[in-house]
Amino acid sequence: METKWLEDFVSLAETRSFSRSAQLRHVTQPAFSRRIQALEAWAGTDLVDRSSYPTSLTPAGLTLYDQALEVLQALQNTRAVMRAHSSTSSDMIEFAVPHTLAFTFFPAWVSSLRENFGPLKSRLIALNVHDAVMRLVEGGCDVLIAYHHPSQPFQLDSERYEMVTLGQEPLAPYAKAGADGQPLYMLPGQAGEPLPYLGYAPGAYLGRVTELILKQAAIPIHLDRVYETDMAEGLKAMALEGHGV
């Protein structure tokens, strides 16, 4: 049995909605349902009354809900005690940051904090966006710094998390310049001769945003995906070599 199953179950008990809890737990609804079913298999009994709406708990589910709150709180308290034993972490602020921002934004930003507010001990945890969000939700960091676009909201509970905008960054195409100073590749390309496209991997947050922008373009964009990666620095390196746009 995994602790995240208990966290899923507590969320479901409080929201009384599979879809809402799946959003808050940052998983698809089918995946969330499978985790609740796995917990029921472990418990050996039904925990959720699926015949009612909104969702309600069975008597066994009500019992487990009370126990789950105690277990999760005990684990949180135990972790806090263990962290308190470490002098290096007692005054350390932990930041969960997606890889791209860990390279491009975070170093200068945290330096500016030290200049404006004095000494600051920080620990950077570089992850993909999904894992960085989950790190915050599961209490594994103090601050999450991530890209945000209205088309791809994180569905974080606004009553639990305070959110502020630290800056804005444009998302624009790039192509290496040729000897004449002009881009080697010019959008929008042609149907018979699509441009070599260096793109974010499908699962990357910026990849989803980019694909939406391309789909909403006023004119058709003709691209042939020849390379993909989760890392913005990897795309920049390939573009600088002239391999695509």
# chains A, B, ... in the order shown; residues from 1 in each chain; ligands from 1
>>> select_by_dssp(residues="region 32-209 of chain A", states="strand (DSSP E or B)", output="PDB file with N, CA, C and O atoms, in the first residue's frame")
ATOM      1  N   VAL A  48     -15.866   3.195  -1.219  1.00  0.00           N
ATOM      2  CA  VAL A  48     -16.635   4.274  -1.845  1.00  0.00           C
ATOM      3  C   VAL A  48     -17.964   3.724  -2.340  1.00  0.00           C
ATOM      4  O   VAL A  48     -18.003   2.657  -2.973  1.00  0.00           O
ATOM      5  N   ASP A  49     -19.041   4.444  -2.050  1.00  0.00           N
ATOM      6  CA  ASP A  49     -20.361   4.087  -2.565  1.00  0.00           C
ATOM      7  C   ASP A  49     -20.534   4.757  -3.915  1.00  0.00           C
ATOM      8  O   ASP A  49     -20.814   5.945  -4.002  1.00  0.00           O
ATOM      9  N   SER A  56     -20.018   9.206  -2.003  1.00  0.00           N
ATOM     10  CA  SER A  56     -19.997   9.100  -0.544  1.00  0.00           C
ATOM     11  C   SER A  56     -19.180   7.884  -0.141  1.00  0.00           C
ATOM     12  O   SER A  56     -18.888   7.006  -0.968  1.00  0.00           O
ATOM     13  N   LEU A  57     -18.801   7.827   1.121  1.00  0.00           N
ATOM     14  CA  LEU A  57     -17.997   6.731   1.631  1.00  0.00           C
ATOM     15  C   LEU A  57     -18.883   5.664   2.249  1.00  0.00           C
ATOM     16  O   LEU A  57     -19.941   5.955   2.820  1.00  0.00           O
ATOM     17  N   ILE A  93      15.533  26.800   2.415  1.00  0.00           N
ATOM     18  CA  ILE A  93      14.311  26.877   1.629  1.00  0.00           C
ATOM     19  C   ILE A  93      14.488  26.005   0.390  1.00  0.00           C
ATOM     20  O   ILE A  93      15.437  26.183  -0.374  1.00  0.00           O
ATOM     21  N   GLU A  94      13.569  25.066   0.195  1.00  0.00           N
ATOM     22  CA  GLU A  94      13.672  24.146  -0.925  1.00  0.00           C
ATOM     23  C   GLU A  94      12.761  24.613  -2.063  1.00  0.00           C
ATOM     24  O   GLU A  94      11.566  24.840  -1.867  1.00  0.00           O
ATOM     25  N   PHE A  95      13.339  24.747  -3.257  1.00  0.00           N
ATOM     26  CA  PHE A  95      12.620  25.186  -4.444  1.00  0.00           C
ATOM     27  C   PHE A  95      12.516  24.026  -5.431  1.00  0.00           C
ATOM     28  O   PHE A  95      13.533  23.428  -5.792  1.00  0.00           O
ATOM     29  N   ALA A  96      11.311  23.704  -5.857  1.00  0.00           N
ATOM     30  CA  ALA A  96      11.108  22.740  -6.939  1.00  0.00           C
ATOM     31  C   ALA A  96      10.943  23.536  -8.226  1.00  0.00           C
ATOM     32  O   ALA A  96      10.033  24.366  -8.337  1.00  0.00           O
ATOM     33  N   VAL A  97      11.826  23.297  -9.198  1.00  0.00           N
ATOM     34  CA  VAL A  97      11.871  24.125 -10.407  1.00  0.00           C
ATOM     35  C   VAL A  97      12.039  23.227 -11.631  1.00  0.00           C
ATOM     36  O   VAL A  97      12.913  22.354 -11.634  1.00  0.00           O
ATOM     37  N   PRO A  98      11.230  23.401 -12.670  1.00  0.00           N
ATOM     38  CA  PRO A  98      11.444  22.641 -13.905  1.00  0.00           C
ATOM     39  C   PRO A  98      12.835  22.901 -14.475  1.00  0.00           C
ATOM     40  O   PRO A  98      13.415  23.976 -14.262  1.00  0.00           O
ATOM     41  N   SER A 122      19.350  28.107   0.200  1.00  0.00           N
ATOM     42  CA  SER A 122      18.365  27.529  -0.702  1.00  0.00           C
ATOM     43  C   SER A 122      18.857  26.203  -1.252  1.00  0.00           C
ATOM     44  O   SER A 122      20.060  25.970  -1.376  1.00  0.00           O
ATOM     45  N   ARG A 123      17.899  25.352  -1.576  1.00  0.00           N
ATOM     46  CA  ARG A 123      18.201  24.080  -2.220  1.00  0.00           C
ATOM     47  C   ARG A 123      17.331  23.977  -3.465  1.00  0.00           C
ATOM     48  O   ARG A 123      16.108  24.117  -3.392  1.00  0.00           O
ATOM     49  N   LEU A 124      17.962  23.741  -4.612  1.00  0.00           N
ATOM     50  CA  LEU A 124      17.252  23.626  -5.875  1.00  0.00           C
ATOM     51  C   LEU A 124      17.000  22.160  -6.196  1.00  0.00           C
ATOM     52  O   LEU A 124      17.926  21.349  -6.189  1.00  0.00           O
ATOM     53  N   ILE A 125      15.739  21.839  -6.473  1.00  0.00           N
ATOM     54  CA  ILE A 125      15.361  20.496  -6.908  1.00  0.00           C
ATOM     55  C   ILE A 125      14.850  20.628  -8.333  1.00  0.00           C
ATOM     56  O   ILE A 125      13.763  21.171  -8.560  1.00  0.00           O
ATOM     57  N   ALA A 126      15.625  20.198  -9.321  1.00  0.00           N
ATOM     58  CA  ALA A 126      15.263  20.329 -10.726  1.00  0.00           C
ATOM     59  C   ALA A 126      14.502  19.086 -11.187  1.00  0.00           C
ATOM     60  O   ALA A 126      14.995  17.955 -11.061  1.00  0.00           O
ATOM     61  N   LEU A 127      13.285  19.299 -11.710  1.00  0.00           N
ATOM     62  CA  LEU A 127      12.404  18.208 -12.113  1.00  0.00           C
ATOM     63  C   LEU A 127      11.653  18.593 -13.380  1.00  0.00           C
ATOM     64  O   LEU A 127      11.733  19.739 -13.824  1.00  0.00           O
ATOM     65  N   VAL A 143       8.667  25.900  -2.070  1.00  0.00           N
ATOM     66  CA  VAL A 143       8.223  26.801  -3.125  1.00  0.00           C
ATOM     67  C   VAL A 143       8.319  26.079  -4.469  1.00  0.00           C
ATOM     68  O   VAL A 143       9.295  25.377  -4.740  1.00  0.00           O
ATOM     69  N   LEU A 144       7.298  26.264  -5.294  1.00  0.00           N
ATOM     70  CA  LEU A 144       7.316  25.782  -6.674  1.00  0.00           C
ATOM     71  C   LEU A 144       7.439  26.985  -7.601  1.00  0.00           C
ATOM     72  O   LEU A 144       6.701  27.961  -7.469  1.00  0.00           O
ATOM     73  N   ALA A 177      20.871  32.095 -38.247  1.00  0.00           N
ATOM     74  CA  ALA A 177      21.047  32.969 -39.408  1.00  0.00           C
ATOM     75  C   ALA A 177      22.108  32.397 -40.341  1.00  0.00           C
ATOM     76  O   ALA A 177      23.095  31.798 -39.908  1.00  0.00           O
ATOM     77  N   PRO A 183      17.431  34.246 -41.633  1.00  0.00           N
ATOM     78  CA  PRO A 183      17.200  32.923 -41.037  1.00  0.00           C
ATOM     79  C   PRO A 183      17.334  31.810 -42.072  1.00  0.00           C
ATOM     80  O   PRO A 183      16.939  31.977 -43.227  1.00  0.00           O
ATOM     81  N   GLN A 190       6.259  25.282 -46.539  1.00  0.00           N
ATOM     82  CA  GLN A 190       5.353  24.895 -47.618  1.00  0.00           C
ATOM     83  C   GLN A 190       4.911  23.444 -47.416  1.00  0.00           C
ATOM     84  O   GLN A 190       5.648  22.637 -46.848  1.00  0.00           O
ATOM     85  N   GLU A 193       7.331  21.103 -48.792  1.00  0.00           N
ATOM     86  CA  GLU A 193       8.669  21.230 -48.209  1.00  0.00           C
ATOM     87  C   GLU A 193       8.558  21.745 -46.777  1.00  0.00           C
ATOM     88  O   GLU A 193       8.871  22.904 -46.485  1.00  0.00           O
ATOM     89  N   LEU A 195       9.342  22.585 -42.938  1.00  0.00           N
ATOM     90  CA  LEU A 195      10.582  22.991 -42.283  1.00  0.00           C
ATOM     91  C   LEU A 195      10.991  21.958 -41.230  1.00  0.00           C
ATOM     92  O   LEU A 195      10.134  21.404 -40.533  1.00  0.00           O
ATOM     93  N   PRO A 196      12.287  21.665 -41.092  1.00  0.00           N
ATOM     94  CA  PRO A 196      12.722  20.770 -40.009  1.00  0.00           C
ATOM     95  C   PRO A 196      12.415  21.425 -38.663  1.00  0.00           C
ATOM     96  O   PRO A 196      12.807  22.557 -38.405  1.00  0.00           O
ATOM     97  N   TYR A 197      11.699  20.702 -37.839  1.00  0.00           N
ATOM     98  CA  TYR A 197      11.175  21.273 -36.604  1.00  0.00           C
ATOM     99  C   TYR A 197      11.837  20.619 -35.397  1.00  0.00           C
ATOM    100  O   TYR A 197      11.837  19.398 -35.248  1.00  0.00           O
ATOM    101  N   LEU A 198      12.419  21.453 -34.543  1.00  0.00           N
ATOM    102  CA  LEU A 198      13.007  21.010 -33.288  1.00  0.00           C
ATOM    103  C   LEU A 198      11.982  21.315 -32.196  1.00  0.00           C
ATOM    104  O   LEU A 198      11.755  22.478 -31.863  1.00  0.00           O
ATOM    105  N   GLY A 199      11.342  20.298 -31.648  1.00  0.00           N
ATOM    106  CA  GLY A 199      10.222  20.537 -30.743  1.00  0.00           C
ATOM    107  C   GLY A 199      10.404  19.929 -29.374  1.00  0.00           C
ATOM    108  O   GLY A 199      11.225  19.029 -29.154  1.00  0.00           O
ATOM    109  N   TYR A 200       9.641  20.461 -28.434  1.00  0.00           N
ATOM    110  CA  TYR A 200       9.579  19.854 -27.108  1.00  0.00           C
ATOM    111  C   TYR A 200       8.894  18.495 -27.208  1.00  0.00           C
ATOM    112  O   TYR A 200       8.013  18.276 -28.033  1.00  0.00           O
TER     113      TYR A 200
END
>>> atom_distance(atom1="CA of Gly189 (chain A)", atom2="CA of Ala172 (chain A)")
15.8 Å
>>> atom_distance(atom1="CA of Gln155 (chain A)", atom2="CA of Leu24 (chain A)")
5.9 Å
>>> closest_residue(among="A:Leu64, A:Cys141, A:Ala43, A:Ala175", to="Ala239 (chain A)", atoms="only C-alpha atoms")
A:Ala175
>>> select_by_dssp(residues="region 36-203 of chain A", states="alpha helix (DSSP H)", output="number ranges by chain")
A: 36-43, 59-85, 99-104, 106-117, 129-137
